[in-house]
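> The structure file target34.pdb (PDB, C-alpha atoms) is provided below.
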ATOM      1  CA  MET A 544      95.957  83.198  89.635  1.00  0.00           C
ATOM      2  CA  SER A 545      97.414  85.867  87.318  1.00  0.00           C
ATOM      3  CA  HIS A 546      94.200  87.608  86.246  1.00  0.00           C
ATOM      4  CA  PRO A 547      94.549  91.379  85.609  1.00  0.00           C
ATOM      5  CA  VAL A 548      92.067  92.074  88.417  1.00  0.00           C
ATOM      6  CA  VAL A 549      94.266  90.165  90.857  1.00  0.00           C
ATOM      7  CA  TYR A 550      97.314  92.184  89.801  1.00  0.00           C
ATOM      8  CA  ALA A 551      95.227  95.363  90.125  1.00  0.00           C
ATOM      9  CA  ILE A 552      94.462  94.493  93.767  1.00  0.00           C
ATOM     10  CA  GLY A 553      98.155  93.899  94.375  1.00  0.00           C
ATOM     11  CA  PHE A 554      99.223  97.159  92.756  1.00  0.00           C
ATOM     12  CA  VAL A 555      96.666  99.147  94.741  1.00  0.00           C
ATOM     13  CA  ALA A 556      97.932  97.497  97.945  1.00  0.00           C
ATOM     14  CA  GLN A 557     101.510  98.380  97.052  1.00  0.00           C
ATOM     15  CA  ALA A 558     100.394 101.927  96.233  1.00  0.00           C
ATOM     16  CA  PHE A 559      99.220 102.282  99.838  1.00  0.00           C
ATOM     17  CA  PHE A 560     102.473 100.802 101.171  1.00  0.00           C
ATOM     18  CA  SER A 561     104.612 102.981  98.916  1.00  0.00           C
ATOM     19  CA  GLY A 562     102.454 105.991  99.762  1.00  0.00           C
ATOM     20  CA  ARG A 563     102.975 105.498 103.497  1.00  0.00           C
ATOM     21  CA  ILE A 564     106.746 105.423 103.036  1.00  0.00           C
ATOM     22  CA  LEU A 565     106.834 108.466 100.762  1.00  0.00           C
ATOM     23  CA  VAL A 566     104.606 110.559 103.048  1.00  0.00           C
ATOM     24  CA  GLN A 567     106.573 109.505 106.135  1.00  0.00           C
ATOM     25  CA  TRP A 568     109.850 110.295 104.365  1.00  0.00           C
ATOM     26  CA  LEU A 569     108.723 113.733 103.184  1.00  0.00           C
ATOM     27  CA  LEU A 570     107.329 114.701 106.589  1.00  0.00           C
ATOM     28  CA  SER A 571     110.523 113.472 108.275  1.00  0.00           C
ATOM     29  CA  GLU A 572     112.715 115.432 105.867  1.00  0.00           C
ATOM     30  CA  ARG A 573     110.717 118.560 106.659  1.00  0.00           C
ATOM     31  CA  ALA A 574     111.046 117.991 110.408  1.00  0.00           C
ATOM     32  CA  LYS A 575     114.722 116.922 110.130  1.00  0.00           C
ATOM     33  CA  LYS A 576     113.942 113.867 112.235  1.00  0.00           C
ATOM     34  CA  VAL A 577     112.164 110.512 111.833  1.00  0.00           C
ATOM     35  CA  LEU A 578     108.419 110.842 112.396  1.00  0.00           C
ATOM     36  CA  SER A 579     105.635 108.277 112.858  1.00  0.00           C
ATOM     37  CA  PRO A 580     102.682 110.102 111.229  1.00  0.00           C
ATOM     38  CA  ASN A 581      99.079 108.920 111.573  1.00  0.00           C
ATOM     39  CA  ILE A 582      98.681 108.451 107.821  1.00  0.00           C
ATOM     40  CA  PHE A 583     101.546 105.928 107.857  1.00  0.00           C
ATOM     41  CA  TRP A 584      99.508 103.526 109.992  1.00  0.00           C
ATOM     42  CA  VAL A 585      96.205 104.159 108.194  1.00  0.00           C
ATOM     43  CA  PHE A 586      97.819 103.357 104.835  1.00  0.00           C
ATOM     44  CA  SER A 587      99.536 100.331 106.407  1.00  0.00           C
ATOM     45  CA  LEU A 588      96.276  98.768 107.553  1.00  0.00           C
ATOM     46  CA  VAL A 589      94.436  99.382 104.265  1.00  0.00           C
ATOM     47  CA  GLY A 590      97.384  98.069 102.256  1.00  0.00           C
ATOM     48  CA  SER A 591      97.638  95.003 104.480  1.00  0.00           C
ATOM     49  CA  ILE A 592      93.994  94.074 103.916  1.00  0.00           C
ATOM     50  CA  LEU A 593      94.432  94.378 100.141  1.00  0.00           C
ATOM     51  CA  LEU A 594      97.759  92.528 100.017  1.00  0.00           C
ATOM     52  CA  PHE A 595      96.314  89.710 102.117  1.00  0.00           C
ATOM     53  CA  ALA A 596      93.624  89.318  99.441  1.00  0.00           C
ATOM     54  CA  TYR A 597      96.275  89.447  96.719  1.00  0.00           C
ATOM     55  CA  GLY A 598      98.372  86.731  98.380  1.00  0.00           C
ATOM     56  CA  TRP A 599      95.300  84.542  98.769  1.00  0.00           C
ATOM     57  CA  LEU A 600      94.320  84.910  95.117  1.00  0.00           C
ATOM     58  CA  ARG A 601      97.928  84.271  94.026  1.00  0.00           C
ATOM     59  CA  ASP A 602      98.204  81.154  96.220  1.00  0.00           C
ATOM     60  CA  ASP A 603     101.246  82.763  97.828  1.00  0.00           C
ATOM     61  CA  PHE A 604     101.656  81.691 101.452  1.00  0.00           C
ATOM     62  CA  SER A 605     104.698  83.928 102.070  1.00  0.00           C
ATOM     63  CA  ILE A 606     102.636  87.068 101.384  1.00  0.00           C
ATOM     64  CA  ILE A 607      99.802  85.866 103.620  1.00  0.00           C
ATOM     65  CA  LEU A 608     102.235  85.039 106.437  1.00  0.00           C
ATOM     66  CA  GLY A 609     103.778  88.495 106.264  1.00  0.00           C
ATOM     67  CA  GLN A 610     100.435  90.233 106.546  1.00  0.00           C
ATOM     68  CA  LEU A 611      99.182  88.064 109.403  1.00  0.00           C
ATOM     69  CA  ILE A 612     102.191  89.014 111.530  1.00  0.00           C
ATOM     70  CA  SER A 613     101.988  92.790 111.075  1.00  0.00           C
ATOM     71  CA  TYR A 614      98.223  93.325 110.811  1.00  0.00           C
ATOM     72  CA  TYR A 615      97.469  93.751 114.517  1.00  0.00           C
ATOM     73  CA  ILE A 616     100.580  95.850 115.099  1.00  0.00           C
ATOM     74  CA  TYR A 617      99.126  98.402 112.684  1.00  0.00           C
ATOM     75  CA  ILE A 618      95.936  98.426 114.752  1.00  0.00           C
ATOM     76  CA  TRP A 619      97.935  98.836 117.983  1.00  0.00           C
ATOM     77  CA  ASN A 620      99.735 101.891 116.614  1.00  0.00           C
ATOM     78  CA  LEU A 621      96.439 103.396 115.462  1.00  0.00           C
ATOM     79  CA  SER A 622      95.064 102.780 118.947  1.00  0.00           C
ATOM     80  CA  VAL A 623      98.053 104.448 120.649  1.00  0.00           C
ATOM     81  CA  LYS A 624      97.576 107.458 118.383  1.00  0.00           C
ATOM     82  CA  GLY A 625      93.909 107.673 119.337  1.00  0.00           C
ATOM     83  CA  ILE A 626      92.614 106.984 115.827  1.00  0.00           C
ATOM     84  CA  TRP A 627      91.364 103.427 116.169  1.00  0.00           C
ATOM     85  CA  HIS A 628      88.623 104.173 118.712  1.00  0.00           C
ATOM     86  CA  ARG A 629      87.221 106.980 116.581  1.00  0.00           C
ATOM     87  CA  LEU A 630      86.062 104.404 114.043  1.00  0.00           C
ATOM     88  CA  PRO A 631      82.527 102.930 114.281  1.00  0.00           C
ATOM     89  CA  PRO A 632      82.491  99.843 116.555  1.00  0.00           C
ATOM     90  CA  LEU A 633      81.074  97.586 113.827  1.00  0.00           C
ATOM     91  CA  LEU A 634      83.880  98.556 111.449  1.00  0.00           C
ATOM     92  CA  ARG A 635      86.493  97.924 114.142  1.00  0.00           C
ATOM     93  CA  TRP A 636      85.105  94.458 114.840  1.00  0.00           C
ATOM     94  CA  CYS A 637      85.007  93.549 111.148  1.00  0.00           C
ATOM     95  CA  VAL A 638      88.586  94.687 110.592  1.00  0.00           C
ATOM     96  CA  GLN A 639      89.840  92.875 113.701  1.00  0.00           C
ATOM     97  CA  LEU A 640      88.094  89.625 112.821  1.00  0.00           C
ATOM     98  CA  LEU A 641      89.053  89.605 109.132  1.00  0.00           C
ATOM     99  CA  PRO A 642      92.400  87.744 109.520  1.00  0.00           C
ATOM    100  CA  VAL A 643      90.889  85.322 112.039  1.00  0.00           C
ATOM    101  CA  VAL A 644      88.013  84.398 109.726  1.00  0.00           C
ATOM    102  CA  ALA A 645      90.269  84.192 106.668  1.00  0.00           C
ATOM    103  CA  THR A 646      92.776  81.982 108.501  1.00  0.00           C
ATOM    104  CA  ALA A 647      90.007  79.719 109.815  1.00  0.00           C
ATOM    105  CA  ILE A 648      88.672  79.260 106.276  1.00  0.00           C
ATOM    106  CA  MET A 649      92.198  78.667 104.984  1.00  0.00           C
ATOM    107  CA  LEU A 650      92.893  75.967 107.586  1.00  0.00           C
ATOM    108  CA  SER A 651      89.438  74.348 107.535  1.00  0.00           C
ATOM    109  CA  ASP A 652      90.664  71.812 105.008  1.00  0.00           C
ATOM    110  CA  MET A 653      94.258  71.171 106.079  1.00  0.00           C
ATOM    111  CA  PRO A 654      95.206  68.637 103.358  1.00  0.00           C
ATOM    112  CA  SER A 655      93.940  70.986 100.661  1.00  0.00           C
ATOM    113  CA  PHE A 656      95.726  73.927 102.291  1.00  0.00           C
ATOM    114  CA  VAL A 657      99.065  72.094 102.441  1.00  0.00           C
ATOM    115  CA  GLY A 658      98.739  70.900  98.860  1.00  0.00           C
ATOM    116  CA  HIS A 659      97.605  74.281  97.575  1.00  0.00           C
ATOM    117  CA  PHE A 660     100.251  76.409  99.230  1.00  0.00           C
ATOM    118  CA  PHE A 661     103.227  74.211 100.036  1.00  0.00           C
ATOM    119  CA  HIS A 662     103.084  71.908  97.022  1.00  0.00           C
ATOM    120  CA  ASN A 663     102.315  74.618  94.513  1.00  0.00           C
ATOM    121  CA  ALA A 664     104.108  73.713  91.261  1.00  0.00           C
ATOM    122  CA  GLU A 665     104.632  77.417  90.527  1.00  0.00           C
ATOM    123  CA  VAL A 666     106.423  77.976  93.846  1.00  0.00           C
ATOM    124  CA  PRO A 667     108.963  75.222  94.713  1.00  0.00           C
ATOM    125  CA  LEU A 668     109.695  74.639  98.391  1.00  0.00           C
ATOM    126  CA  TRP A 669     113.115  76.336  98.362  1.00  0.00           C
ATOM    127  CA  LEU A 670     111.576  79.446  96.810  1.00  0.00           C
ATOM    128  CA  LEU A 671     108.715  79.394  99.307  1.00  0.00           C
ATOM    129  CA  ILE A 672     111.273  79.253 102.125  1.00  0.00           C
ATOM    130  CA  LEU A 673     113.177  82.206 100.617  1.00  0.00           C
ATOM    131  CA  GLY A 674     110.021  84.277 100.208  1.00  0.00           C
ATOM    132  CA  SER A 675     108.664  83.380 103.633  1.00  0.00           C
ATOM    133  CA  SER A 676     112.011  84.140 105.290  1.00  0.00           C
ATOM    134  CA  GLY A 677     112.078  87.535 103.606  1.00  0.00           C
ATOM    135  CA  GLN A 678     108.527  88.261 104.712  1.00  0.00           C
ATOM    136  CA  VAL A 679     109.276  87.170 108.289  1.00  0.00           C
ATOM    137  CA  ILE A 680     112.423  89.327 108.492  1.00  0.00           C
ATOM    138  CA  PHE A 681     110.631  92.225 106.820  1.00  0.00           C
ATOM    139  CA  THR A 682     107.740  91.888 109.242  1.00  0.00           C
ATOM    140  CA  VAL A 683     109.949  91.453 112.325  1.00  0.00           C
ATOM    141  CA  ARG A 684     110.609  95.183 111.943  1.00  0.00           C
ATOM    142  CA  PHE A 685     107.048  95.827 113.103  1.00  0.00           C
ATOM    143  CA  ILE A 686     107.446  93.474 116.071  1.00  0.00           C
ATOM    144  CA  TYR A 687     110.597  95.396 116.964  1.00  0.00           C
ATOM    145  CA  GLN A 688     108.796  98.704 116.401  1.00  0.00           C
ATOM    146  CA  TRP A 689     105.905  97.583 118.609  1.00  0.00           C
ATOM    147  CA  TYR A 690     108.234  96.471 121.430  1.00  0.00           C
ATOM    148  CA  TYR A 691     110.296  99.657 121.210  1.00  0.00           C
ATOM    149  CA  SER A 692     107.172 101.833 121.177  1.00  0.00           C
ATOM    150  CA  TYR A 693     105.353  99.829 123.860  1.00  0.00           C
ATOM    151  CA  ARG A 694     108.184 100.408 126.332  1.00  0.00           C
ATOM    152  CA  ARG A 695     107.988 104.139 125.660  1.00  0.00           C
ATOM    153  CA  HIS A 696     104.169 104.340 125.517  1.00  0.00           C
ATOM    154  CA  ASP A 697     104.347 106.058 122.127  1.00  0.00           C
ATOM    155  CA  SER A 698     104.323 105.201 118.412  1.00  0.00           C
ATOM    156  CA  ILE A 699     107.949 105.522 117.236  1.00  0.00           C
ATOM    157  CA  LEU A 700     109.879 104.355 114.160  1.00  0.00           C
ATOM    158  CA  PRO A 701     113.408 103.671 115.533  1.00  0.00           C
ATOM    159  CA  VAL A 702     116.576 103.218 113.466  1.00  0.00           C
ATOM    160  CA  GLY A 703     116.461  99.433 113.935  1.00  0.00           C
ATOM    161  CA  PHE A 704     113.118  99.409 112.133  1.00  0.00           C
ATOM    162  CA  TRP A 705     114.726 100.851 109.001  1.00  0.00           C
ATOM    163  CA  VAL A 706     117.775  98.563 109.123  1.00  0.00           C
ATOM    164  CA  ILE A 707     115.558  95.472 109.303  1.00  0.00           C
ATOM    165  CA  SER A 708     113.456  96.958 106.501  1.00  0.00           C
ATOM    166  CA  LEU A 709     116.468  97.062 104.170  1.00  0.00           C
ATOM    167  CA  VAL A 710     117.457  93.450 104.863  1.00  0.00           C
ATOM    168  CA  GLY A 711     113.950  92.009 104.528  1.00  0.00           C
ATOM    169  CA  SER A 712     113.129  94.099 101.482  1.00  0.00           C
ATOM    170  CA  GLY A 713     116.247  92.869  99.690  1.00  0.00           C
ATOM    171  CA  MET A 714     115.239  89.236 100.232  1.00  0.00           C
ATOM    172  CA  ILE A 715     111.678  89.869  99.050  1.00  0.00           C
ATOM    173  CA  VAL A 716     112.911  91.608  95.892  1.00  0.00           C
ATOM    174  CA  LEU A 717     115.127  88.593  95.125  1.00  0.00           C
ATOM    175  CA  TYR A 718     112.149  86.269  95.648  1.00  0.00           C
ATOM    176  CA  ALA A 719     109.946  88.476  93.463  1.00  0.00           C
ATOM    177  CA  ILE A 720     112.524  88.591  90.644  1.00  0.00           C
ATOM    178  CA  ILE A 721     112.787  84.792  90.624  1.00  0.00           C
ATOM    179  CA  ARG A 722     108.996  84.486  90.665  1.00  0.00           C
ATOM    180  CA  LEU A 723     108.518  87.263  88.106  1.00  0.00           C
ATOM    181  CA  ASP A 724     106.101  89.100  90.397  1.00  0.00           C
ATOM    182  CA  PRO A 725     105.894  92.754  89.242  1.00  0.00           C
ATOM    183  CA  VAL A 726     103.759  93.766  92.233  1.00  0.00           C
ATOM    184  CA  LEU A 727     106.374  92.781  94.803  1.00  0.00           C
ATOM    185  CA  ILE A 728     109.303  94.057  92.716  1.00  0.00           C
ATOM    186  CA  LEU A 729     107.777  97.511  92.307  1.00  0.00           C
ATOM    187  CA  GLY A 730     106.455  97.761  95.849  1.00  0.00           C
ATOM    188  CA  GLN A 731     109.692  96.780  97.570  1.00  0.00           C
ATOM    189  CA  SER A 732     112.041  98.701  95.276  1.00  0.00           C
ATOM    190  CA  VAL A 733     110.333 102.010  96.038  1.00  0.00           C
ATOM    191  CA  GLY A 734     111.244 101.784  99.722  1.00  0.00           C
ATOM    192  CA  PHE A 735     115.025 101.367  99.401  1.00  0.00           C
ATOM    193  CA  VAL A 736     115.843 105.076  99.216  1.00  0.00           C
ATOM    194  CA  ALA A 737     113.391 106.002 101.977  1.00  0.00           C
ATOM    195  CA  TYR A 738     114.732 103.283 104.310  1.00  0.00           C
ATOM    196  CA  SER A 739     118.301 104.463 103.777  1.00  0.00           C
ATOM    197  CA  ARG A 740     117.383 108.116 104.271  1.00  0.00           C
ATOM    198  CA  ASN A 741     115.510 107.377 107.515  1.00  0.00           C
ATOM    199  CA  ILE A 742     118.595 105.577 108.824  1.00  0.00           C
ATOM    200  CA  MET A 743     120.669 108.670 108.025  1.00  0.00           C
ATOM    201  CA  LEU A 744     118.141 110.969 109.734  1.00  0.00           C
ATOM    202  CA  SER A 745     118.099 108.729 112.818  1.00  0.00           C
ATOM    203  CA  LEU A 746     121.889 108.618 113.040  1.00  0.00           C
ATOM    204  CA  ASN A 747     122.205 112.361 112.471  1.00  0.00           C
ATOM    205  CA  LYS A 748     119.745 113.018 115.309  1.00  0.00           C
ATOM    206  CA  SER A 749     121.720 110.666 117.585  1.00  0.00           C
ATOM    207  CA  VAL A 750     124.984 112.433 116.777  1.00  0.00           C
ATOM    208  CA  GLY A 751     123.359 115.830 117.190  1.00  0.00           C
TER     209      GLY A 751
END
Now, as a test, write the supplied structure out as structure tokens.

Amino acid sequence: MSHPVVYAIGFVAQAFFSGRILVQWLLSERAKKVLSPNIFWVFSLVGSILLFAYGWLRDDFSIILGQLISYYIYIWNLSVKGIWHRLPPLLRWCVQLLPVVATAIMLSDMPSFVGHFFHNAEVPLWLLILGSSGQVIFTVRFIYQWYYSYRRHDSILPVGFWVISLVGSGMIVLYAIIRLDPVLILGQSVGFVAYSRNIMLSLNKSVG
């Protein structure tokens, strides 16, 4: 679906994702080291909810896959920072169950799901594989971030997170250009400079 409202949802989602990177970058530049600010994870979760809806409305499995992988890692980081449990219990339950319910609905009719997503005439299989691979690599950064942070009992954005971000983002931009998806092109392009700068800040701190 390419309705203007659908694109609006996607652009708002990307605004949250771009906003998290810009705020994190600016705060890190001020501190002269890579930070993991609370607002980064709040914006991540809100953007993920919106982009999940966008991927569903666009019949784009690669976007949905990417959000399913990282969604609960955002919640974990919010929990470590003591923000998650400040939210009303009902809201927490609704947010936690949202991907489960959406996935259950999506898989309730498996033949329709396979035909709708994997045999979509607008997204040939090779392009779906490219997009999904990019999303998986791009999202692996949060699995790495979670593992790195879990071992240290803190929410940290290590240098490996930013390196993986550059690789995955490049693949997603290529996929988006082929698919003529302005939402993904704009959203991913914004992060390139911030990813590179965070790598430099991380390396400078290591050398120092």
> Residues at most 7 Å from segment 677-684 of chain A, counting all atoms listed in the file, excluding those fewer than 5 positions away in the same chain, as a list in words?
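Once the nearby chain positions are removed, what remains is Ser605, Ile606, Gly609, Ile612, Ser613, Phe704, Ile707, Ser708, Gly711, Ser712, Met714 and Ile715 of chain A.
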> Please work out which residues fall within 10 Å of (101.5, 106.9, 101.4), coordinates as given in the file, with all atoms listed in the file counting, and return them as an MDAnalysis selection string.
chainID A and resid 557:568 582:587 590
> Report as JSON the centre and the edge lengths, in Å to one decimal, of the axis-aligned box holding every listed atom of segment 554-569 of chain A, padded by 8 Å on each side.

{"center_x": 103.3, "center_y": 105.4, "center_z": 99.4, "size_x": 29.2, "size_y": 32.6, "size_z": 29.4}
> Report, in Å with one decimal, the straight-line distance from atom CA of Tyr718 of chain A to atom CA of Leu668 of chain A.
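Spanning atom CA of Tyr718 of chain A to atom CA of Leu668 of chain A is a straight-line distance of 12.2 Å.
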> Give the answer as one residue: which of A:Ile616, A:Val555, A:Leu671, A:Val736 has the shortest atom-to-atom distance to Arg722 of chain A, using all atoms listed in the file?
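Checking each candidate against Arg722 of chain A, we get A:Leu671 as the closest.
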> Given the file shown, enumerate the residues that the PyMOL selection byres ((chain A and resi 639) around 12) captures and present them as a ChimeraX atom specification.
/A:588,592,611,614-619,627,632-638,640-645
> Choose the residue, out of A:Ala737, A:Leu608, A:Leu594, A:Ala647, that has the smallest atom-to-atom separation from Leu709 of chain A; count all atoms listed in the file.
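Smallest separation from Leu709 of chain A among the options: A:Ala737.
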> Would you compute the distance between atom CA of Pro580 of chain A and atom CA of Ser622 of chain A? Give it in Å to one decimal.
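Interatomic distance here is 13.1 Å.
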> Which is closer to Leu670 of chain A than all the others in A:Ala719, A:Val710, A:Pro701, A:His628, using only C-alpha atoms?
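Smallest separation from Leu670 of chain A among the options: A:Ala719.
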